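A.B. asks: To be precise about what I am sending: the file is called data.cif and holds mmCIF, C-alpha atoms.
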data_final
#
loop_
_atom_site.group_PDB
_atom_site.id
_atom_site.type_symbol
_atom_site.label_atom_id
_atom_site.label_comp_id
_atom_site.auth_asym_id
_atom_site.auth_seq_id
_atom_site.Cartn_x
_atom_site.Cartn_y
_atom_site.Cartn_z
ATOM 1 C CA MET A 8 26.785 182.717 144.375
ATOM 2 C CA PRO A 9 24.271 184.519 146.638
ATOM 3 C CA PHE A 10 22.164 182.756 149.215
ATOM 4 C CA ASP A 11 18.564 181.975 148.456
ATOM 5 C CA PRO A 12 16.216 180.679 151.174
ATOM 6 C CA GLU A 13 16.941 177.046 150.338
ATOM 7 C CA SER A 14 20.756 177.341 150.263
ATOM 8 C CA ALA A 15 20.724 179.472 153.430
ATOM 9 C CA GLN A 16 18.779 176.770 155.279
ATOM 10 C CA LYS A 17 21.285 174.100 154.197
ATOM 11 C CA ALA A 18 24.218 176.278 155.234
ATOM 12 C CA GLY A 19 22.604 176.916 158.622
ATOM 13 C CA LYS A 20 22.286 173.192 159.276
ATOM 14 C CA LYS A 21 25.984 172.677 158.504
ATOM 15 C CA SER A 22 27.040 175.541 160.815
ATOM 16 C CA LYS A 23 29.215 174.418 163.733
ATOM 17 C CA ARG A 24 28.499 177.405 165.921
ATOM 18 C CA GLY A 25 27.132 176.637 169.352
ATOM 19 C CA PRO A 26 24.158 178.244 171.058
ATOM 20 C CA ALA A 27 24.421 181.917 171.924
ATOM 21 C CA LYS A 28 26.216 182.435 175.227
ATOM 22 C CA LYS A 29 24.580 184.398 177.971
ATOM 23 C CA GLU A 30 26.750 187.182 179.250
ATOM 24 C CA GLU A 31 27.616 186.724 182.897
ATOM 25 C CA PRO A 32 27.864 189.780 185.114
ATOM 26 C CA SER A 33 31.198 191.478 184.690
ATOM 27 C CA ILE A 34 33.634 191.931 187.549
ATOM 28 C CA LYS A 35 32.674 195.596 187.721
ATOM 29 C CA GLU A 36 28.996 194.722 188.134
ATOM 30 C CA LYS A 37 29.832 192.154 190.822
ATOM 31 C CA MET A 38 31.964 194.705 192.681
ATOM 32 C CA GLU A 39 29.146 197.264 192.504
ATOM 33 C CA LEU A 40 26.753 194.746 194.055
ATOM 34 C CA LEU A 41 29.273 193.977 196.785
ATOM 35 C CA TYR A 42 29.786 197.693 197.535
ATOM 36 C CA GLU A 43 26.035 198.229 197.713
ATOM 37 C CA LYS A 44 25.655 195.380 200.221
ATOM 38 C CA VAL A 45 28.517 196.655 202.368
ATOM 39 C CA LEU A 46 27.212 200.234 202.340
ATOM 40 C CA ASP A 47 23.694 199.077 203.161
ATOM 41 C CA ASP A 48 25.074 197.081 206.090
ATOM 42 C CA LEU A 49 27.079 200.088 207.306
ATOM 43 C CA LEU A 50 24.022 202.336 207.119
ATOM 44 C CA MET A 51 21.864 199.830 208.998
ATOM 45 C CA ASN A 52 24.474 199.299 211.720
ATOM 46 C CA GLN A 53 25.974 202.769 211.989
ATOM 47 C CA ASP A 54 24.743 203.108 215.570
ATOM 48 C CA LYS A 55 27.065 200.241 216.535
ATOM 49 C CA LEU A 56 30.144 202.100 215.258
ATOM 50 C CA THR A 57 32.305 204.125 217.608
ATOM 51 C CA LYS A 58 32.710 207.844 217.000
ATOM 52 C CA THR A 59 36.230 207.270 215.670
ATOM 53 C CA GLU A 60 34.993 204.619 213.232
ATOM 54 C CA ARG A 61 32.219 206.941 212.037
ATOM 55 C CA VAL A 62 34.668 209.764 211.375
ATOM 56 C CA LYS A 63 37.028 207.430 209.493
ATOM 57 C CA LEU A 64 34.117 206.108 207.443
ATOM 58 C CA PHE A 65 32.893 209.626 206.684
ATOM 59 C CA VAL A 66 36.349 210.826 205.599
ATOM 60 C CA THR A 67 36.956 207.740 203.472
ATOM 61 C CA LEU A 68 33.592 207.857 201.712
ATOM 62 C CA SER A 69 33.656 211.610 201.154
ATOM 63 C CA GLY A 70 36.848 211.158 199.116
ATOM 64 C CA TYR A 71 34.803 209.103 196.662
ATOM 65 C CA LEU A 72 31.543 211.046 196.789
ATOM 66 C CA PHE A 73 32.687 214.635 196.449
ATOM 67 C CA PRO A 74 34.918 216.032 193.717
ATOM 68 C CA LYS A 75 38.434 216.894 194.703
ATOM 69 C CA ASN A 76 39.242 220.579 194.376
ATOM 70 C CA LYS A 77 42.308 221.546 192.428
ATOM 71 C CA PRO A 78 44.326 224.561 193.507
ATOM 72 C CA ILE A 79 43.495 227.639 191.501
ATOM 73 C CA GLU A 80 46.373 229.459 189.893
ATOM 74 C CA GLU A 81 45.962 233.093 189.081
ATOM 75 C CA LYS A 82 46.586 233.545 185.418
ATOM 76 C CA THR A 83 47.552 237.136 184.825
ATOM 77 C CA LYS A 84 48.853 238.582 181.659
ATOM 78 C CA PRO A 85 52.209 240.260 181.933
ATOM 79 C CA GLU A 86 51.797 244.000 181.824
ATOM 80 C CA ASN A 87 53.177 245.923 178.898
ATOM 81 C CA PRO A 88 56.306 247.729 179.974
ATOM 82 C CA LEU A 89 56.089 251.499 180.146
ATOM 83 C CA PHE A 90 59.320 251.805 178.203
ATOM 84 C CA LYS A 91 61.636 249.665 176.144
ATOM 85 C CA LEU A 92 65.157 248.779 177.091
ATOM 86 C CA ALA A 93 66.395 250.152 173.774
ATOM 87 C CA ASP A 94 65.015 253.583 174.736
ATOM 88 C CA LEU A 95 67.166 253.653 177.879
ATOM 89 C CA VAL A 96 70.362 252.117 176.605
ATOM 90 C CA SER A 97 72.238 253.327 173.614
ATOM 91 C CA PHE A 98 74.381 250.837 171.804
ATOM 92 C CA GLU A 99 76.346 253.585 170.094
ATOM 93 C CA THR A 100 79.595 254.916 171.374
ATOM 94 C CA GLU A 101 79.966 258.642 172.105
ATOM 95 C CA GLU A 102 82.035 259.049 168.961
ATOM 96 C CA ASP A 103 79.246 257.549 166.810
ATOM 97 C CA SER A 104 76.610 259.829 168.310
ATOM 98 C CA THR A 105 78.617 263.006 167.627
ATOM 99 C CA LYS A 106 79.003 262.261 163.924
#
Represent the structure contained in this file as C-alpha coordinates.

C.D. replies:
Amino acid sequence: MPFDPESAQKAGKKSKRGPAKKEEPSIKEKMELLYEKVLDDLLMNQDKLTKTERVKLFVTLSGYLFPKNKPIEEKTKPENPLFKLADLVSFETEEDSTK
(Lines of atoms letter the chains of each structure in order from A and count residues from 1; the text may use other names and numbers.)
(Lines give C-alpha, C1' and ligand atoms only; values in the text may rest on other atoms or scores of the structure.)
Protein backbone atom coordinates (compact mmCIF):
# COMPACT_ATOMS: atom_id res chain seq x y z
CA MET A 1 0.00 0.00 0.00
CA PRO A 2 1.71 3.23 -1.14
CA PHE A 3 1.82 6.37 0.95
CA ASP A 4 -0.55 9.19 0.19
CA PRO A 5 -0.17 12.59 1.89
CA GLU A 6 -2.53 11.66 4.71
CA SER A 7 -0.96 8.27 5.53
CA ALA A 8 2.55 9.75 5.27
CA GLN A 9 1.66 12.42 7.83
CA LYS A 10 0.33 9.78 10.26
CA ALA A 11 3.43 7.64 9.79
CA GLY A 12 5.67 10.66 10.41
CA LYS A 13 3.95 11.36 13.73
CA LYS A 14 4.51 7.76 14.85
CA SER A 15 8.21 7.85 13.88
CA LYS A 16 10.57 7.37 16.84
CA ARG A 17 13.57 8.96 15.20
CA GLY A 18 15.15 11.82 17.08
CA PRO A 19 16.16 15.20 15.70
CA ALA A 20 18.95 15.27 13.15
CA LYS A 21 22.36 15.26 14.81
CA LYS A 22 24.85 17.95 14.02
CA GLU A 23 28.17 16.58 12.95
CA GLU A 24 30.94 17.57 15.32
CA PRO A 25 34.37 18.32 13.92
CA SER A 26 36.28 15.14 13.27
CA ILE A 27 39.57 14.36 14.96
CA LYS A 28 41.37 15.18 11.73
CA GLU A 29 39.78 18.63 11.59
CA LYS A 30 40.65 19.26 15.25
CA MET A 31 44.26 18.20 14.63
CA GLU A 32 44.48 20.51 11.61
CA LEU A 33 43.30 23.43 13.75
CA LEU A 34 45.85 22.54 16.42
CA TYR A 35 48.67 22.34 13.84
CA GLU A 36 47.66 25.70 12.40
CA LYS A 37 47.78 27.32 15.85
CA VAL A 38 51.16 25.80 16.65
CA LEU A 39 52.64 26.82 13.29
CA ASP A 40 51.25 30.34 13.63
CA ASP A 41 52.83 30.59 17.08
CA LEU A 42 56.17 29.32 15.75
CA LEU A 43 56.11 31.84 12.91
CA MET A 44 55.28 34.71 15.26
CA ASN A 45 57.98 33.74 17.76
CA GLN A 46 60.69 32.45 15.44
CA ASP A 47 63.05 35.23 16.51
CA LYS A 48 63.05 33.74 20.03
CA LEU A 49 64.32 30.37 18.76
CA THR A 50 68.01 29.54 18.83
CA LYS A 51 69.79 28.78 15.57
CA THR A 52 69.83 25.07 16.42
CA GLU A 53 66.09 25.07 17.10
CA ARG A 54 65.44 26.86 13.80
CA VAL A 55 67.46 24.31 11.85
CA LYS A 56 65.68 21.41 13.57
CA LEU A 57 62.32 23.03 12.85
CA PHE A 58 63.25 23.63 9.21
CA VAL A 59 64.44 20.04 8.70
CA THR A 60 61.39 18.59 10.42
CA LEU A 61 58.87 20.69 8.51
CA SER A 62 60.57 20.26 5.15
CA GLY A 63 60.04 16.50 5.47
CA TYR A 64 56.30 17.18 5.41
CA LEU A 65 56.23 20.04 2.92
CA PHE A 66 58.42 18.77 0.11
CA PRO A 67 58.04 15.46 -1.71
CA LYS A 68 60.59 12.82 -0.94
CA ASN A 69 62.71 11.85 -3.92
CA LYS A 70 62.99 8.19 -4.77
CA PRO A 71 66.24 6.85 -6.17
CA ILE A 72 66.16 6.53 -9.93
CA GLU A 73 67.09 3.18 -11.37
CA GLU A 74 68.36 3.04 -14.90
CA LYS A 75 66.15 0.73 -16.84
CA THR A 76 68.09 -0.51 -19.83
CA LYS A 77 67.06 -3.21 -22.16
CA PRO A 78 69.48 -6.08 -22.45
CA GLU A 79 71.32 -5.88 -25.73
CA ASN A 80 70.77 -8.55 -28.32
CA PRO A 81 73.76 -10.83 -28.41
CA LEU A 82 75.91 -10.67 -31.51
CA PHE A 83 75.88 -14.45 -31.76
CA LYS A 84 74.06 -17.40 -30.30
CA LEU A 85 75.61 -20.01 -28.10
CA ALA A 86 74.41 -22.72 -30.47
CA ASP A 87 76.50 -21.15 -33.25
CA LEU A 88 79.68 -21.54 -31.19
CA VAL A 89 79.10 -24.91 -29.60
CA SER A 90 78.29 -28.02 -31.49
CA PHE A 91 76.39 -30.70 -29.67
CA GLU A 92 77.41 -33.32 -32.20
CA THR A 93 80.34 -35.60 -31.76
CA GLU A 94 83.10 -35.69 -34.39
CA GLU A 95 81.80 -39.02 -35.63
CA ASP A 96 78.31 -37.55 -36.22
CA SER A 97 79.68 -34.59 -38.16
CA THR A 98 81.72 -36.78 -40.54
CA LYS A 99 78.72 -38.86 -41.58

A.B. asks: Between CA of Glu13 in chain A and CA of Lys29 in chain A, what is the distance, to one decimal in Å?

C.D. replies: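 According to the coordinates, CA of Glu13 in chain A and CA of Lys29 in chain A are separated by 29.6 Å.
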
A.B. asks: Would you kindly return, as a list in words, each protein, DNA or RNA residue with an atom no farther than 12 Å from any atom of Phe65 in chain A, considering only C-alpha atoms and excluding same-chain residues fewer than 5 positions away?

C.D. replies: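 The neighbour list is Leu46, Leu49, Leu50, Gln53, Leu56, Lys58, Thr59, Glu60, Gly70, Tyr71, Leu72 and Phe73 of chain A.
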
A.B. asks: What does the distance between CA of Glu43 in chain A and CA of Glu30 in chain A come to in Å, to one decimal place?

C.D. replies: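 Those two atoms sit 21.5 Å apart.
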
A.B. asks: Just give me the gap between CA of Lys63 in chain A and CA of Lys44 in chain A in Å, one decimal is fine.

C.D. replies: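 Here the two named atoms are 19.0 Å from each other.
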